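Participant: The structure's right below; bear with me while I get my questions together.
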Amino acid sequence: MSTSIFQNANNFTIQRANFMNASNGKGAWIQHLSYYVAQGATHQSKDQYDAPKCHPETRKQLLSDIKEWIEIPEKETGIMYLHGPAGAGKSCISRSVCEDAADAGLLGGSFFFWRGSPDRNHAQKLVTTLVYQLAMLNRDLANFIASEIERDPQIVVDKPLEYQFEKLVLEPIRSIPSDQLSVRAIVIDGLDECVDKISQISILHLLAKAVRHDKFPLGFIITSRPEVHLQEALDTKEIIFATQLISLSHIPAVAHDIRTTLQSGFSRIINDRRFKVALKSIPRPWPTFECIEKLVERSSGQFIYAATVMKFISSCDHNPASRLDIVLGIRESNNNSPYTDLDLLYLEILSRVKDAKRMMKVLGYILAIQDFAVKYSTSYPKDLSKVITQVRNTRRACGINTLK
């Protein structure tokens, strides 16, 4: 005798919904797995969904090359490793790749590391988050994964990363004929944001081991800053022969792409009704070609510079033309560091905050929160009460009672 999920219920209507009865069978174990998914880590999470992606007219060749690589069924190198400094646009690229690959039905899963999140700054939930996404895409995979969790429910809680990966990723995927698995790639963004360097290296080794197997159809796209310990790991023979390295610092079209980003941003400002009066008397073209070229030069290949400039200029509470003059009026430095102009831009923006004392308190509060997130990353949420206590103490030390 079958039992309805809504047996004896009445006087309600539900539209456009899908339901899974997880009270028994395989669904219950997939639901058990869902409790160990890192919040905000996937490309479909609210943290990533509205975050910046590549402008449609930028990174065109790179994204085309990545798309072509993803579509190859049998890849010569199973890992594509994109590295570049802070502000090079790595996460934007990852989000764009995820969106395109998902639309094509080729994305197996994604994980966006972030140092400031106690759920995403360690590798403890990496495998479980990826496995859950795979289970949602393929029923056969879901059944295999559920059976494994049913045999050992603790596998999603405290088993080593390598063991989890073997039992919940490698074995399930190898058990399915390749023609029954449409997905071709998994994206892991910001590997360097994982606070444990040993875990970072372990991830590279276990992925390299996976792609060297003849029956493993997935490739891995990884982004990271060019940290020394990761570069050393990539130079080992176990990893280097399985990896295609791409330096985002040596892409010829980067200046063109930053120029396109700026031009698009200024175009939006000009067409924004909120700025119609403020820009009415400004001579056209605005800004001039020379102004845009000066901003491109100052960016030193860092997309974060262009993005910060546009956020500063497009403030609804100020005149965009005046804000652009402020940016262009920042004194130039003789320092050869690619971050010098970015640092000067940040200093100029912060110096114009009206309530500097309150700003310092808020910044101190944010830094303290991130510090605690790192400190308690591997024990969260077990030590959540300790984190909350520390946060309260920090708020009192900063003199912050409420943030209005």
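Chain labels run A, B, ... following the order of the structure tokens; each chain numbers its residues from 1, and ligands are numbered from 1 in the order shown.
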Using DSSP on the backbone coordinates, identify the residues of stretch 160-339 of chain A assigned to strand (DSSP E); present them as a PyMOL selection string.
Facilitator: chain A and resi 185-189+219-224+243-247
Participant: How would the residues just chosen look if you wrote them out with N, CA and C atoms as an mmCIF file, in the first residue's frame?
Facilitator:
data_model
loop_
_atom_site.group_PDB
_atom_site.id
_atom_site.type_symbol
_atom_site.label_atom_id
_atom_site.label_comp_id
_atom_site.auth_asym_id
_atom_site.auth_seq_id
_atom_site.Cartn_x
_atom_site.Cartn_y
_atom_site.Cartn_z
ATOM 1 N N ALA A 185 33.556 18.270 -16.890
ATOM 2 C CA ALA A 185 34.528 19.054 -16.124
ATOM 3 C C ALA A 185 33.997 19.469 -14.765
ATOM 4 N N ILE A 186 34.948 19.688 -13.858
ATOM 5 C CA ILE A 186 34.675 20.237 -12.533
ATOM 6 C C ILE A 186 35.579 21.453 -12.354
ATOM 7 N N VAL A 187 35.029 22.526 -11.802
ATOM 8 C CA VAL A 187 35.783 23.775 -11.607
ATOM 9 C C VAL A 187 36.064 23.979 -10.123
ATOM 10 N N ILE A 188 37.327 24.219 -9.801
ATOM 11 C CA ILE A 188 37.737 24.531 -8.426
ATOM 12 C C ILE A 188 38.446 25.884 -8.460
ATOM 13 N N ASP A 189 37.824 26.887 -7.878
ATOM 14 C CA ASP A 189 38.336 28.251 -7.938
ATOM 15 C C ASP A 189 39.026 28.649 -6.633
ATOM 16 N N GLY A 219 37.559 16.325 -16.506
ATOM 17 C CA GLY A 219 38.732 17.162 -16.364
ATOM 18 C C GLY A 219 38.500 18.164 -15.246
ATOM 19 N N PHE A 220 39.569 18.732 -14.727
ATOM 20 C CA PHE A 220 39.465 19.687 -13.621
ATOM 21 C C PHE A 220 40.076 21.024 -14.035
ATOM 22 N N ILE A 221 39.317 22.082 -13.849
ATOM 23 C CA ILE A 221 39.808 23.442 -14.086
ATOM 24 C C ILE A 221 40.046 24.080 -12.724
ATOM 25 N N ILE A 222 41.286 24.474 -12.483
ATOM 26 C CA ILE A 222 41.675 25.019 -11.184
ATOM 27 C C ILE A 222 42.235 26.418 -11.387
ATOM 28 N N THR A 223 41.860 27.354 -10.523
ATOM 29 C CA THR A 223 42.458 28.685 -10.551
ATOM 30 C C THR A 223 43.130 28.960 -9.215
ATOM 31 N N SER A 224 44.200 29.736 -9.270
ATOM 32 C CA SER A 224 44.930 30.042 -8.038
ATOM 33 C C SER A 224 45.917 31.169 -8.287
ATOM 34 N N THR A 243 48.922 18.158 -16.351
ATOM 35 C CA THR A 243 48.424 19.520 -16.179
ATOM 36 C C THR A 243 48.809 20.438 -17.335
ATOM 37 N N GLN A 244 47.842 21.228 -17.762
ATOM 38 C CA GLN A 244 48.079 22.303 -18.729
ATOM 39 C C GLN A 244 48.074 23.619 -17.972
ATOM 40 N N LEU A 245 49.202 24.316 -17.975
ATOM 41 C CA LEU A 245 49.347 25.558 -17.221
ATOM 42 C C LEU A 245 49.037 26.761 -18.105
ATOM 43 N N ILE A 246 48.244 27.684 -17.574
ATOM 44 C CA ILE A 246 47.922 28.918 -18.290
ATOM 45 C C ILE A 246 48.170 30.092 -17.355
ATOM 46 N N SER A 247 49.067 30.972 -17.736
ATOM 47 C CA SER A 247 49.356 32.172 -16.947
ATOM 48 C C SER A 247 48.468 33.310 -17.423
#
Participant: Which residues, written as a list in words, have at least one atom at most 9 Å from A:Gly40, with only C-alpha atoms counted and residues fewer than 6 positions away on the same chain left out?
Facilitator: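 Here the answer would be Lys46, Asp47, Gln48, Phe111, Phe112, Ser117, Asp119 and Arg120 of chain A.
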Participant: Could you list, as a VMD selection string, every residue within 9 Å of stretch 277-289 of chain A, counting only C-alpha atoms and ignoring same-chain residues fewer than 2 positions away?
Facilitator: chain A and resid 263 266 270 273 to 275 291 to 294 318 to 321 324
Participant: Produce a file of the selected residues containing N, CA and C atoms, as an mmCIF file, in the first residue's frame.
Facilitator:
data_model
loop_
_atom_site.group_PDB
_atom_site.id
_atom_site.type_symbol
_atom_site.label_atom_id
_atom_site.label_comp_id
_atom_site.auth_asym_id
_atom_site.auth_seq_id
_atom_site.Cartn_x
_atom_site.Cartn_y
_atom_site.Cartn_z
ATOM 1 N N GLN A 263 35.098 50.846 -21.104
ATOM 2 C CA GLN A 263 34.179 51.475 -22.060
ATOM 3 C C GLN A 263 32.741 51.054 -21.812
ATOM 4 N N PHE A 266 31.496 52.858 -18.592
ATOM 5 C CA PHE A 266 31.172 54.268 -18.832
ATOM 6 C C PHE A 266 29.904 54.408 -19.671
ATOM 7 N N ILE A 270 26.597 56.648 -18.721
ATOM 8 C CA ILE A 270 26.050 57.678 -19.610
ATOM 9 C C ILE A 270 24.572 57.437 -19.888
ATOM 10 N N ARG A 273 19.695 56.952 -16.233
ATOM 11 C CA ARG A 273 18.864 58.141 -16.011
ATOM 12 C C ARG A 273 19.241 58.897 -14.738
ATOM 13 N N ARG A 274 19.786 58.194 -13.774
ATOM 14 C CA ARG A 274 20.147 58.847 -12.514
ATOM 15 C C ARG A 274 21.246 59.889 -12.702
ATOM 16 N N PHE A 275 22.041 59.722 -13.749
ATOM 17 C CA PHE A 275 23.153 60.641 -13.977
ATOM 18 C C PHE A 275 22.887 61.611 -15.122
ATOM 19 N N CYS A 291 41.747 59.558 -21.576
ATOM 20 C CA CYS A 291 41.415 59.215 -20.185
ATOM 21 C C CYS A 291 41.324 57.701 -20.009
ATOM 22 N N ILE A 292 40.650 57.066 -20.940
ATOM 23 C CA ILE A 292 40.496 55.611 -20.846
ATOM 24 C C ILE A 292 41.858 54.926 -20.970
ATOM 25 N N GLU A 293 42.693 55.408 -21.894
ATOM 26 C CA GLU A 293 44.017 54.803 -22.054
ATOM 27 C C GLU A 293 44.868 54.973 -20.797
ATOM 28 N N LYS A 294 44.694 56.110 -20.121
ATOM 29 C CA LYS A 294 45.440 56.328 -18.878
ATOM 30 C C LYS A 294 45.002 55.327 -17.809
ATOM 31 N N HIS A 318 27.114 60.728 -6.061
ATOM 32 C CA HIS A 318 28.133 61.682 -6.512
ATOM 33 C C HIS A 318 28.036 61.900 -8.025
ATOM 34 N N ASN A 319 28.736 62.935 -8.473
ATOM 35 C CA ASN A 319 28.800 63.242 -9.889
ATOM 36 C C ASN A 319 29.881 62.368 -10.540
ATOM 37 N N PRO A 320 29.531 61.547 -11.528
ATOM 38 C CA PRO A 320 30.512 60.645 -12.138
ATOM 39 C C PRO A 320 31.711 61.371 -12.729
ATOM 40 N N ALA A 321 31.476 62.516 -13.374
ATOM 41 C CA ALA A 321 32.583 63.261 -13.984
ATOM 42 C C ALA A 321 33.567 63.751 -12.919
ATOM 43 N N LEU A 324 35.572 60.780 -11.688
ATOM 44 C CA LEU A 324 36.617 60.406 -12.651
ATOM 45 C C LEU A 324 37.802 61.349 -12.538
#
Participant: Which residues are close to A:Arg225, i.e. within 8 Å by only C-alpha atoms, leaving aside same-chain residues fewer than 3 positions away? Reply as a PyMOL selection string.
Facilitator: chain A and resi 83-86+190-192
Participant: Let's have the selection written as a PDB file, in the first residue's frame, with C-alpha atoms.
Facilitator:
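In the end it all went to part.pdb:
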ATOM      1  CA  HIS A  83      47.231  31.067 -12.331  1.00  0.00           C
ATOM      2  CA  GLY A  84      47.513  34.799 -11.916  1.00  0.00           C
ATOM      3  CA  PRO A  85      47.958  37.476  -9.242  1.00  0.00           C
ATOM      4  CA  ALA A  86      45.176  39.010  -7.172  1.00  0.00           C
ATOM      5  CA  GLY A 190      40.828  29.927  -5.596  1.00  0.00           C
ATOM      6  CA  LEU A 191      42.807  26.898  -4.439  1.00  0.00           C
ATOM      7  CA  ASP A 192      45.187  29.262  -2.634  1.00  0.00           C
TER       8      ASP A 192
END
Participant: Can you tell me, as a ChimeraX atom specification, what residues are no more than 9 Å from A:Ala142 when counting only C-alpha atoms, ignoring any on the same chain fewer than 6 positions away?
Facilitator: /A:26-27,30,131-132,134-136,172
Participant: When distances are computed from only C-alpha atoms, which of A:His229, A:His122, A:His256, A:Lys167 shows the smallest separation from A:Ser199?
Facilitator: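 Using only C-alpha atoms, the shortest distance to A:Ser199 belongs to A:His122.
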Participant: Have a look at atom CA of A:Ala242 and atom CA of A:Thr77 and let me know their distance in Å, one decimal.
Facilitator: 4.6 Å
Participant: So which residues touch stretch 303-312 of chain A within 7 Å, counting only C-alpha atoms, skipping near sequence neighbours fewer than 5 positions away, as an NGL selection string?
Facilitator: :A and (87-89 or 258 or 262 or 265 or 342)
Participant: Based on the selection just made, write N, CA and C atoms of those residues as a CSV table (one decimal), in the first residue's frame.
Facilitator:
chain,number,residue,atom,x,y,z
A,87,GLY,N,43.4,40.0,-8.4
A,87,GLY,CA,42.9,41.1,-9.3
A,87,GLY,C,42.9,40.7,-10.8
A,88,ALA,N,43.5,39.5,-11.1
A,88,ALA,CA,43.6,39.2,-12.6
A,88,ALA,C,42.3,38.7,-13.2
A,89,GLY,N,41.3,38.5,-12.4
A,89,GLY,CA,40.0,38.1,-12.9
A,89,GLY,C,39.8,36.6,-12.9
A,258,ILE,N,40.6,45.0,-20.7
A,258,ILE,CA,40.3,46.0,-19.6
A,258,ILE,C,39.7,47.2,-20.3
A,262,LEU,N,36.1,49.0,-19.2
A,262,LEU,CA,36.0,50.4,-18.9
A,262,LEU,C,35.0,51.1,-19.8
A,265,GLY,N,31.5,50.0,-18.9
A,265,GLY,CA,31.1,50.7,-17.7
A,265,GLY,C,30.7,52.1,-17.8
A,342,LEU,N,46.9,50.6,-7.8
A,342,LEU,CA,45.7,50.0,-7.1
A,342,LEU,C,45.7,50.5,-5.7
Participant: Please provide the set of residues having any atom within 6 Å of stretch 50-55 of chain A, restricted to only C-alpha atoms, with same-chain residues fewer than 6 positions apart removed, written as a list in words.
Facilitator: Cys92, Arg95 and Ser96 of chain A
Participant: Rounded to one decimal place, report the atom CA of A:Pro226-atom CA of A:Ile239 distance in Å.
Facilitator: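 Separation between atom CA of A:Pro226 and atom CA of A:Ile239: 15.6 Å.
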Participant: Pick out each residue of stretch 38-94 of chain A that DSSP on the backbone tags as helix (DSSP H, G or I); I need them as a ChimeraX atom specification.
Facilitator: /A:46-49,60-71,90-94
